[in-house]
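Taking it in order: structure first as structure tokens, then the write-up.
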Amino acid sequence: MEVSDSLSLIVPAFNEEASIAEAIAINLEVLNKCGIPFELIIIDDGSRDRTKEIIEKQFLPNSNIIFFSKPNGGFGSAVKKGIELSKMKYIMFAPVDNPLDSELLSLFLSHIGKADLLISYRVAREGYSSRMKINSSVYQKLISFLFGLNLKDYNWIHLYKRSIFEKDVTIHYGGVFMLAEVIIKAKRAGYTFFEFPVTMQARKYGNQTAASFKAAWRAFRDVIKFFIFKT
């Protein structure tokens, strides 16, 4: 980590009224202790509950927070909007149900400089049902086979150099496949990867949107579409 390093943390949120306040508070606390300039970018992805209201009432205005509310488009579309709004040297995202802790952020920061993209993988998928584990395994193997990759996890927390999105990587997909899309396009452009294990927290409240049949179908459809059309 260098003196000039800075971090944009993106938190996508969809119908997270039960957990959004705790997640933002934890992320802010950890970021305030990290020792580098930061911005917390919260993207409300068309929530139909009180998510937007809670954010606006409890956390705005705040000079370190950028808040944007948009129509629902999926996890990937929310991260994409966060990337478009980001201004710091590095970009990272954290799901609402797994806010950063000091150990996790320190781990990521300690690996800066080892590669252009830092890819964490879950040693265990905490809180996943048997069906979710099967879907995740099939999805993982399909991406590895179709695109010649050998990573252990395509759908967890990543850290990117923001410059890759200014030069070589354009995001087209709005669902969870967006994370694999970035990796595939970065590989094609010659960027490097460093993968390492992390611990996942089980979700405390609500249901995981990515676990729905609609989200799973969208992810598999996007994989095949990208493989056929190459974009």
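Numbering starts fresh at 1 for the residues of each chain in the structure tokens, the chains themselves are lettered A, B, ... in the order given, and ligands are numbered from 1 as they appear.
Residues within 8 Å of Ile157 of chain A, counting only C-alpha atoms and excluding same-chain residues fewer than 4 positions away, are Met92, Phe93, Ala94, Ile119, Ser120 and Tyr121 of chain A.
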Which of chain A fall in strand (DSSP E), as an NGL selection string: :A and (7-13 or 38-45 or 65-70 or 90-93 or 117-122 or 158-161 or 193-198)
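The nearest approach to Tyr173 of chain A among the residues A:Arg218, A:His158, A:Lys89, A:Arg50, with only C-alpha atoms taken into account, belongs to A:Arg218.
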Excluding segment 182-187 of chain A and its own-chain neighbours fewer than 4 positions away, which residues fall within 7 Å of it when counting only C-alpha atoms? Please give them as a ChimeraX atom specification. /A:169,171,178,191
Would you mind listing what lies within 12 Å of segment 85-87 of chain A as an MDAnalysis selection string, with only C-alpha atoms counted and same-chain residues fewer than 5 positions away left out? chainID A and resid 5:11 37:43 64:68 78:80 92:93 160:163 165:166
Those selected residues, please, written with C-alpha atoms and delivered as a JSON list (two decimals), in the first residue's frame.
```
[["chain", "number", "residue", "atom", "x", "y", "z"],
["A", 5, "ASP", "CA", -3.69, 4.83, -2.48],
["A", 6, "SER", "CA", -7.40, 5.53, -2.04],
["A", 7, "LEU", "CA", -10.51, 3.35, -2.02],
["A", 8, "SER", "CA", -14.07, 3.48, -3.33],
["A", 9, "LEU", "CA", -16.28, 0.94, -1.56],
["A", 10, "ILE", "CA", -19.52, 0.14, -3.38],
["A", 11, "VAL", "CA", -22.50, -1.26, -1.45],
["A", 37, "PRO", "CA", -8.79, 8.36, 1.66],
["A", 38, "PHE", "CA", -12.09, 6.64, 0.91],
["A", 39, "GLU", "CA", -15.63, 7.08, -0.33],
["A", 40, "LEU", "CA", -18.58, 4.84, 0.47],
["A", 41, "ILE", "CA", -20.87, 4.55, -2.55],
["A", 42, "ILE", "CA", -24.32, 3.20, -1.73],
["A", 43, "ILE", "CA", -26.54, 2.23, -4.65],
["A", 64, "ASN", "CA", -17.62, 10.36, 2.65],
["A", 65, "ILE", "CA", -20.89, 8.93, 1.34],
["A", 66, "ILE", "CA", -22.19, 9.03, -2.21],
["A", 67, "PHE", "CA", -25.79, 7.84, -2.49],
["A", 68, "PHE", "CA", -27.61, 7.05, -5.71],
["A", 78, "ALA", "CA", -25.83, -1.46, -9.16],
["A", 79, "VAL", "CA", -22.10, -2.21, -9.00],
["A", 80, "LYS", "CA", -21.67, -0.76, -12.50],
["A", 92, "MET", "CA", -14.05, -2.63, -4.01],
["A", 93, "PHE", "CA", -17.57, -3.76, -3.25],
["A", 160, "TYR", "CA", -9.97, -3.55, -8.91],
["A", 161, "LYS", "CA", -7.78, -0.80, -10.19],
["A", 162, "ARG", "CA", -10.30, 1.82, -11.37],
["A", 163, "SER", "CA", -8.14, 2.43, -14.44],
["A", 165, "PHE", "CA", -12.68, 0.45, -16.50],
["A", 166, "GLU", "CA", -11.34, 3.62, -18.12]]
```
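Atom CA of Ser106 of chain A is found 12.3 Å from atom CA of Leu159 of chain A.
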From a DSSP calculation on the backbone, collect every residue of chain A in helix (DSSP H, G or I) and output the set as a short mmCIF file (atom, residue, chain, number, x, y, z; two decimals) with N, CA and C atoms, in the first residue's frame.
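This is the output file result-v9.cif:
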```cif
data_model
loop_
_atom_site.label_atom_id
_atom_site.label_comp_id
_atom_site.auth_asym_id
_atom_site.auth_seq_id
_atom_site.Cartn_x
_atom_site.Cartn_y
_atom_site.Cartn_z
N ILE A 20 -29.59 -2.62 6.37
CA ILE A 20 -28.80 -1.58 5.71
C ILE A 20 -28.14 -0.64 6.70
N ALA A 21 -28.81 -0.25 7.76
CA ALA A 21 -28.23 0.70 8.72
C ALA A 21 -27.00 0.10 9.41
N GLU A 22 -27.11 -1.15 9.83
CA GLU A 22 -25.98 -1.82 10.48
C GLU A 22 -24.82 -1.97 9.51
N ALA A 23 -25.12 -2.35 8.27
CA ALA A 23 -24.07 -2.54 7.27
C ALA A 23 -23.31 -1.25 6.98
N ILE A 24 -24.03 -0.16 6.81
CA ILE A 24 -23.37 1.12 6.53
C ILE A 24 -22.53 1.57 7.72
N ALA A 25 -23.07 1.43 8.91
CA ALA A 25 -22.34 1.84 10.11
C ALA A 25 -21.04 1.05 10.27
N ILE A 26 -21.10 -0.26 10.03
CA ILE A 26 -19.91 -1.10 10.15
C ILE A 26 -18.88 -0.72 9.09
N ASN A 27 -19.33 -0.57 7.85
CA ASN A 27 -18.41 -0.19 6.78
C ASN A 27 -17.75 1.15 7.04
N LEU A 28 -18.52 2.11 7.50
CA LEU A 28 -17.96 3.43 7.80
C LEU A 28 -16.91 3.35 8.91
N GLU A 29 -17.21 2.59 9.94
CA GLU A 29 -16.27 2.45 11.06
C GLU A 29 -14.95 1.85 10.59
N VAL A 30 -15.04 0.80 9.79
CA VAL A 30 -13.83 0.13 9.30
C VAL A 30 -13.06 1.04 8.35
N LEU A 31 -13.75 1.71 7.45
CA LEU A 31 -13.09 2.60 6.49
C LEU A 31 -12.42 3.78 7.18
N ASN A 32 -13.04 4.31 8.22
CA ASN A 32 -12.45 5.43 8.95
C ASN A 32 -11.14 5.06 9.62
N THR A 51 -35.51 0.92 2.52
CA THR A 51 -34.05 1.01 2.39
C THR A 51 -33.61 2.44 2.08
N LYS A 52 -34.17 3.03 1.06
CA LYS A 52 -33.79 4.39 0.65
C LYS A 52 -34.07 5.39 1.77
N GLU A 53 -35.21 5.28 2.41
CA GLU A 53 -35.59 6.20 3.49
C GLU A 53 -34.61 6.12 4.65
N ILE A 54 -34.21 4.93 5.04
CA ILE A 54 -33.28 4.74 6.15
C ILE A 54 -31.93 5.37 5.83
N ILE A 55 -31.43 5.15 4.63
CA ILE A 55 -30.14 5.72 4.23
C ILE A 55 -30.19 7.24 4.30
N GLU A 56 -31.22 7.81 3.72
CA GLU A 56 -31.31 9.28 3.65
C GLU A 56 -31.48 9.90 5.03
N LYS A 57 -32.23 9.24 5.91
CA LYS A 57 -32.49 9.81 7.24
C LYS A 57 -31.32 9.63 8.19
N GLN A 58 -30.63 8.50 8.12
CA GLN A 58 -29.62 8.19 9.12
C GLN A 58 -28.18 8.52 8.70
N PHE A 59 -27.92 8.62 7.40
CA PHE A 59 -26.52 8.73 6.97
C PHE A 59 -26.21 9.91 6.04
N PHE A 75 -27.96 -6.83 -9.30
CA PHE A 75 -26.73 -6.58 -8.56
C PHE A 75 -25.64 -5.97 -9.44
N GLY A 76 -25.45 -6.55 -10.62
CA GLY A 76 -24.39 -6.07 -11.51
C GLY A 76 -24.61 -4.65 -11.96
N SER A 77 -25.86 -4.30 -12.23
CA SER A 77 -26.14 -2.93 -12.67
C SER A 77 -25.88 -1.93 -11.55
N ALA A 78 -26.10 -2.35 -10.31
CA ALA A 78 -25.83 -1.46 -9.16
C ALA A 78 -24.33 -1.26 -8.98
N VAL A 79 -23.55 -2.34 -9.10
CA VAL A 79 -22.10 -2.21 -9.00
C VAL A 79 -21.57 -1.35 -10.14
N LYS A 80 -22.10 -1.55 -11.34
CA LYS A 80 -21.67 -0.76 -12.50
C LYS A 80 -21.90 0.73 -12.25
N LYS A 81 -23.07 1.08 -11.73
CA LYS A 81 -23.34 2.50 -11.42
C LYS A 81 -22.36 3.01 -10.37
N GLY A 82 -22.05 2.20 -9.39
CA GLY A 82 -21.08 2.61 -8.38
C GLY A 82 -19.71 2.87 -9.00
N ILE A 83 -19.31 2.01 -9.93
CA ILE A 83 -18.03 2.21 -10.61
C ILE A 83 -18.03 3.51 -11.39
N GLU A 84 -19.14 3.81 -12.05
CA GLU A 84 -19.25 5.05 -12.82
C GLU A 84 -19.14 6.28 -11.92
N LEU A 85 -19.61 6.16 -10.69
CA LEU A 85 -19.58 7.29 -9.76
C LEU A 85 -18.26 7.40 -8.99
N SER A 102 -12.32 -5.17 9.90
CA SER A 102 -10.95 -4.66 9.80
C SER A 102 -9.99 -5.71 9.26
N GLU A 103 -10.20 -6.96 9.65
CA GLU A 103 -9.31 -8.03 9.20
C GLU A 103 -9.42 -8.24 7.69
N LEU A 104 -10.66 -8.24 7.18
CA LEU A 104 -10.86 -8.45 5.75
C LEU A 104 -10.30 -7.29 4.93
N LEU A 105 -10.58 -6.07 5.35
CA LEU A 105 -10.06 -4.92 4.60
C LEU A 105 -8.54 -4.89 4.66
N SER A 106 -7.98 -5.16 5.81
CA SER A 106 -6.51 -5.18 5.93
C SER A 106 -5.90 -6.24 5.03
N LEU A 107 -6.59 -7.37 4.89
CA LEU A 107 -6.10 -8.43 4.02
C LEU A 107 -6.06 -7.95 2.57
N PHE A 108 -7.13 -7.32 2.13
CA PHE A 108 -7.16 -6.79 0.76
C PHE A 108 -6.08 -5.73 0.56
N LEU A 109 -5.97 -4.81 1.49
CA LEU A 109 -4.98 -3.73 1.34
C LEU A 109 -3.56 -4.28 1.35
N SER A 110 -3.33 -5.35 2.09
CA SER A 110 -1.98 -5.93 2.14
C SER A 110 -1.59 -6.58 0.82
N HIS A 111 -2.58 -6.93 0.01
CA HIS A 111 -2.29 -7.58 -1.27
C HIS A 111 -2.21 -6.60 -2.44
N SER A 130 -28.70 -26.49 0.16
CA SER A 130 -28.11 -27.48 -0.74
C SER A 130 -28.31 -27.07 -2.19
N ARG A 131 -29.49 -26.56 -2.52
CA ARG A 131 -29.75 -26.12 -3.89
C ARG A 131 -28.84 -24.98 -4.30
N MET A 132 -28.63 -24.02 -3.40
CA MET A 132 -27.76 -22.90 -3.70
C MET A 132 -26.32 -23.34 -3.91
N LYS A 133 -25.88 -24.31 -3.10
CA LYS A 133 -24.51 -24.84 -3.25
C LYS A 133 -24.34 -25.55 -4.59
N ILE A 134 -25.37 -26.29 -5.00
CA ILE A 134 -25.30 -26.98 -6.29
C ILE A 134 -25.27 -25.97 -7.44
N ASN A 135 -26.16 -24.97 -7.38
CA ASN A 135 -26.18 -23.93 -8.41
C ASN A 135 -24.83 -23.23 -8.50
N SER A 136 -24.27 -22.92 -7.35
CA SER A 136 -22.99 -22.21 -7.31
C SER A 136 -21.88 -23.05 -7.91
N SER A 137 -21.87 -24.36 -7.59
CA SER A 137 -20.84 -25.25 -8.10
C SER A 137 -20.94 -25.40 -9.62
N VAL A 138 -22.15 -25.59 -10.13
CA VAL A 138 -22.35 -25.73 -11.57
C VAL A 138 -21.95 -24.44 -12.29
N TYR A 139 -22.34 -23.32 -11.75
CA TYR A 139 -22.01 -22.02 -12.34
C TYR A 139 -20.49 -21.82 -12.38
N GLN A 140 -19.85 -22.16 -11.28
CA GLN A 140 -18.40 -22.04 -11.18
C GLN A 140 -17.69 -22.87 -12.24
N LYS A 141 -18.09 -24.12 -12.36
CA LYS A 141 -17.45 -25.03 -13.32
C LYS A 141 -17.74 -24.63 -14.75
N LEU A 142 -18.95 -24.12 -15.00
CA LEU A 142 -19.32 -23.70 -16.35
C LEU A 142 -18.46 -22.53 -16.83
N ILE A 143 -18.28 -21.53 -15.98
CA ILE A 143 -17.47 -20.38 -16.35
C ILE A 143 -16.01 -20.79 -16.56
N SER A 144 -15.49 -21.62 -15.67
CA SER A 144 -14.11 -22.07 -15.81
C SER A 144 -13.90 -22.81 -17.13
N PHE A 145 -14.85 -23.69 -17.48
CA PHE A 145 -14.74 -24.49 -18.69
C PHE A 145 -14.88 -23.64 -19.95
N LEU A 146 -15.88 -22.77 -19.98
CA LEU A 146 -16.16 -22.01 -21.20
C LEU A 146 -15.12 -20.93 -21.48
N PHE A 147 -14.53 -20.38 -20.42
CA PHE A 147 -13.67 -19.21 -20.62
C PHE A 147 -12.21 -19.44 -20.24
N SER A 163 -8.61 2.13 -13.09
CA SER A 163 -8.14 2.43 -14.44
C SER A 163 -8.54 1.37 -15.46
N ILE A 164 -8.81 0.13 -15.00
CA ILE A 164 -9.16 -0.91 -15.98
C ILE A 164 -10.50 -0.60 -16.65
N PHE A 165 -11.38 0.12 -15.94
CA PHE A 165 -12.68 0.45 -16.50
C PHE A 165 -12.60 1.69 -17.41
N GLU A 166 -11.53 2.46 -17.27
CA GLU A 166 -11.34 3.62 -18.12
C GLU A 166 -10.71 3.24 -19.45
N LYS A 167 -10.09 2.06 -19.50
CA LYS A 167 -9.32 1.68 -20.68
C LYS A 167 -9.88 0.46 -21.41
N PHE A 177 -23.74 -12.19 -13.10
CA PHE A 177 -22.69 -12.57 -14.05
C PHE A 177 -21.73 -11.41 -14.30
N MET A 178 -22.13 -10.20 -13.96
CA MET A 178 -21.27 -9.04 -14.15
C MET A 178 -19.89 -9.24 -13.53
N LEU A 179 -19.82 -9.91 -12.39
CA LEU A 179 -18.53 -10.11 -11.71
C LEU A 179 -17.61 -11.00 -12.54
N ALA A 180 -18.15 -12.07 -13.10
CA ALA A 180 -17.36 -12.92 -13.98
C ALA A 180 -17.03 -12.21 -15.28
N GLU A 181 -17.96 -11.41 -15.77
CA GLU A 181 -17.73 -10.64 -17.00
C GLU A 181 -16.48 -9.77 -16.87
N VAL A 182 -16.35 -9.08 -15.74
CA VAL A 182 -15.19 -8.22 -15.52
C VAL A 182 -13.90 -9.05 -15.55
N ILE A 183 -13.91 -10.21 -14.89
CA ILE A 183 -12.72 -11.06 -14.84
C ILE A 183 -12.35 -11.56 -16.24
N ILE A 184 -13.34 -12.02 -16.98
CA ILE A 184 -13.09 -12.55 -18.33
C ILE A 184 -12.52 -11.47 -19.24
N LYS A 185 -13.13 -10.28 -19.21
CA LYS A 185 -12.65 -9.20 -20.07
C LYS A 185 -11.28 -8.70 -19.62
N ALA A 186 -11.03 -8.70 -18.33
CA ALA A 186 -9.72 -8.28 -17.83
C ALA A 186 -8.65 -9.27 -18.25
N LYS A 187 -8.99 -10.56 -18.21
CA LYS A 187 -8.04 -11.58 -18.66
C LYS A 187 -7.69 -11.38 -20.13
N ARG A 188 -8.71 -11.14 -20.95
CA ARG A 188 -8.49 -10.95 -22.38
C ARG A 188 -7.61 -9.72 -22.64
N THR A 209 -31.09 -12.31 -2.65
CA THR A 209 -31.73 -12.13 -3.95
C THR A 209 -31.13 -13.06 -4.99
N ALA A 210 -29.81 -13.26 -4.90
CA ALA A 210 -29.13 -14.10 -5.88
C ALA A 210 -29.55 -15.56 -5.78
N ALA A 211 -30.25 -15.93 -4.69
CA ALA A 211 -30.66 -17.32 -4.51
C ALA A 211 -31.96 -17.63 -5.25
N PHE A 213 -34.80 -18.24 -8.18
CA PHE A 213 -34.75 -18.93 -9.48
C PHE A 213 -34.53 -17.91 -10.60
N LYS A 214 -35.17 -16.76 -10.49
CA LYS A 214 -35.04 -15.72 -11.52
C LYS A 214 -33.59 -15.26 -11.66
N ALA A 215 -32.93 -15.02 -10.52
CA ALA A 215 -31.53 -14.57 -10.56
C ALA A 215 -30.61 -15.65 -11.10
N ALA A 216 -30.85 -16.92 -10.70
CA ALA A 216 -30.02 -18.02 -11.17
C ALA A 216 -30.18 -18.22 -12.67
N TRP A 217 -31.43 -18.17 -13.14
CA TRP A 217 -31.68 -18.31 -14.57
C TRP A 217 -31.01 -17.18 -15.35
N ARG A 218 -31.10 -15.96 -14.84
CA ARG A 218 -30.49 -14.82 -15.51
C ARG A 218 -28.97 -15.00 -15.61
N ALA A 219 -28.36 -15.50 -14.55
CA ALA A 219 -26.91 -15.69 -14.54
C ALA A 219 -26.49 -16.71 -15.60
N PHE A 220 -27.17 -17.86 -15.63
CA PHE A 220 -26.82 -18.89 -16.61
C PHE A 220 -27.11 -18.42 -18.04
N ARG A 221 -28.20 -17.69 -18.23
CA ARG A 221 -28.51 -17.15 -19.55
C ARG A 221 -27.44 -16.18 -20.02
N ASP A 222 -26.97 -15.34 -19.10
CA ASP A 222 -25.94 -14.36 -19.45
C ASP A 222 -24.61 -15.03 -19.80
N VAL A 223 -24.29 -16.10 -19.08
CA VAL A 223 -23.06 -16.85 -19.39
C VAL A 223 -23.08 -17.35 -20.83
N ILE A 224 -24.18 -17.97 -21.22
CA ILE A 224 -24.29 -18.53 -22.57
C ILE A 224 -24.31 -17.42 -23.61
N LYS A 225 -25.02 -16.36 -23.33
CA LYS A 225 -25.08 -15.22 -24.27
C LYS A 225 -23.70 -14.63 -24.49
N PHE A 226 -22.97 -14.45 -23.41
CA PHE A 226 -21.61 -13.88 -23.51
C PHE A 226 -20.68 -14.81 -24.28
N PHE A 227 -20.81 -16.12 -24.02
CA PHE A 227 -19.96 -17.08 -24.70
C PHE A 227 -20.21 -17.08 -26.20
N ILE A 228 -21.47 -16.97 -26.60
CA ILE A 228 -21.82 -17.01 -28.02
C ILE A 228 -21.45 -15.72 -28.74
N PHE A 229 -21.79 -14.60 -28.13
CA PHE A 229 -21.62 -13.31 -28.81
C PHE A 229 -20.33 -12.57 -28.44
#
```
Distance in Å - atom CA of Thr231 of chain A versus atom CA of Asp168 of chain A: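 Between atom CA of Thr231 of chain A and atom CA of Asp168 of chain A the gap is 12.7 Å.
Interatomic distance, atom CA of Leu117 of chain A to atom CA of Phe193 of chain A: 4.9 Å.
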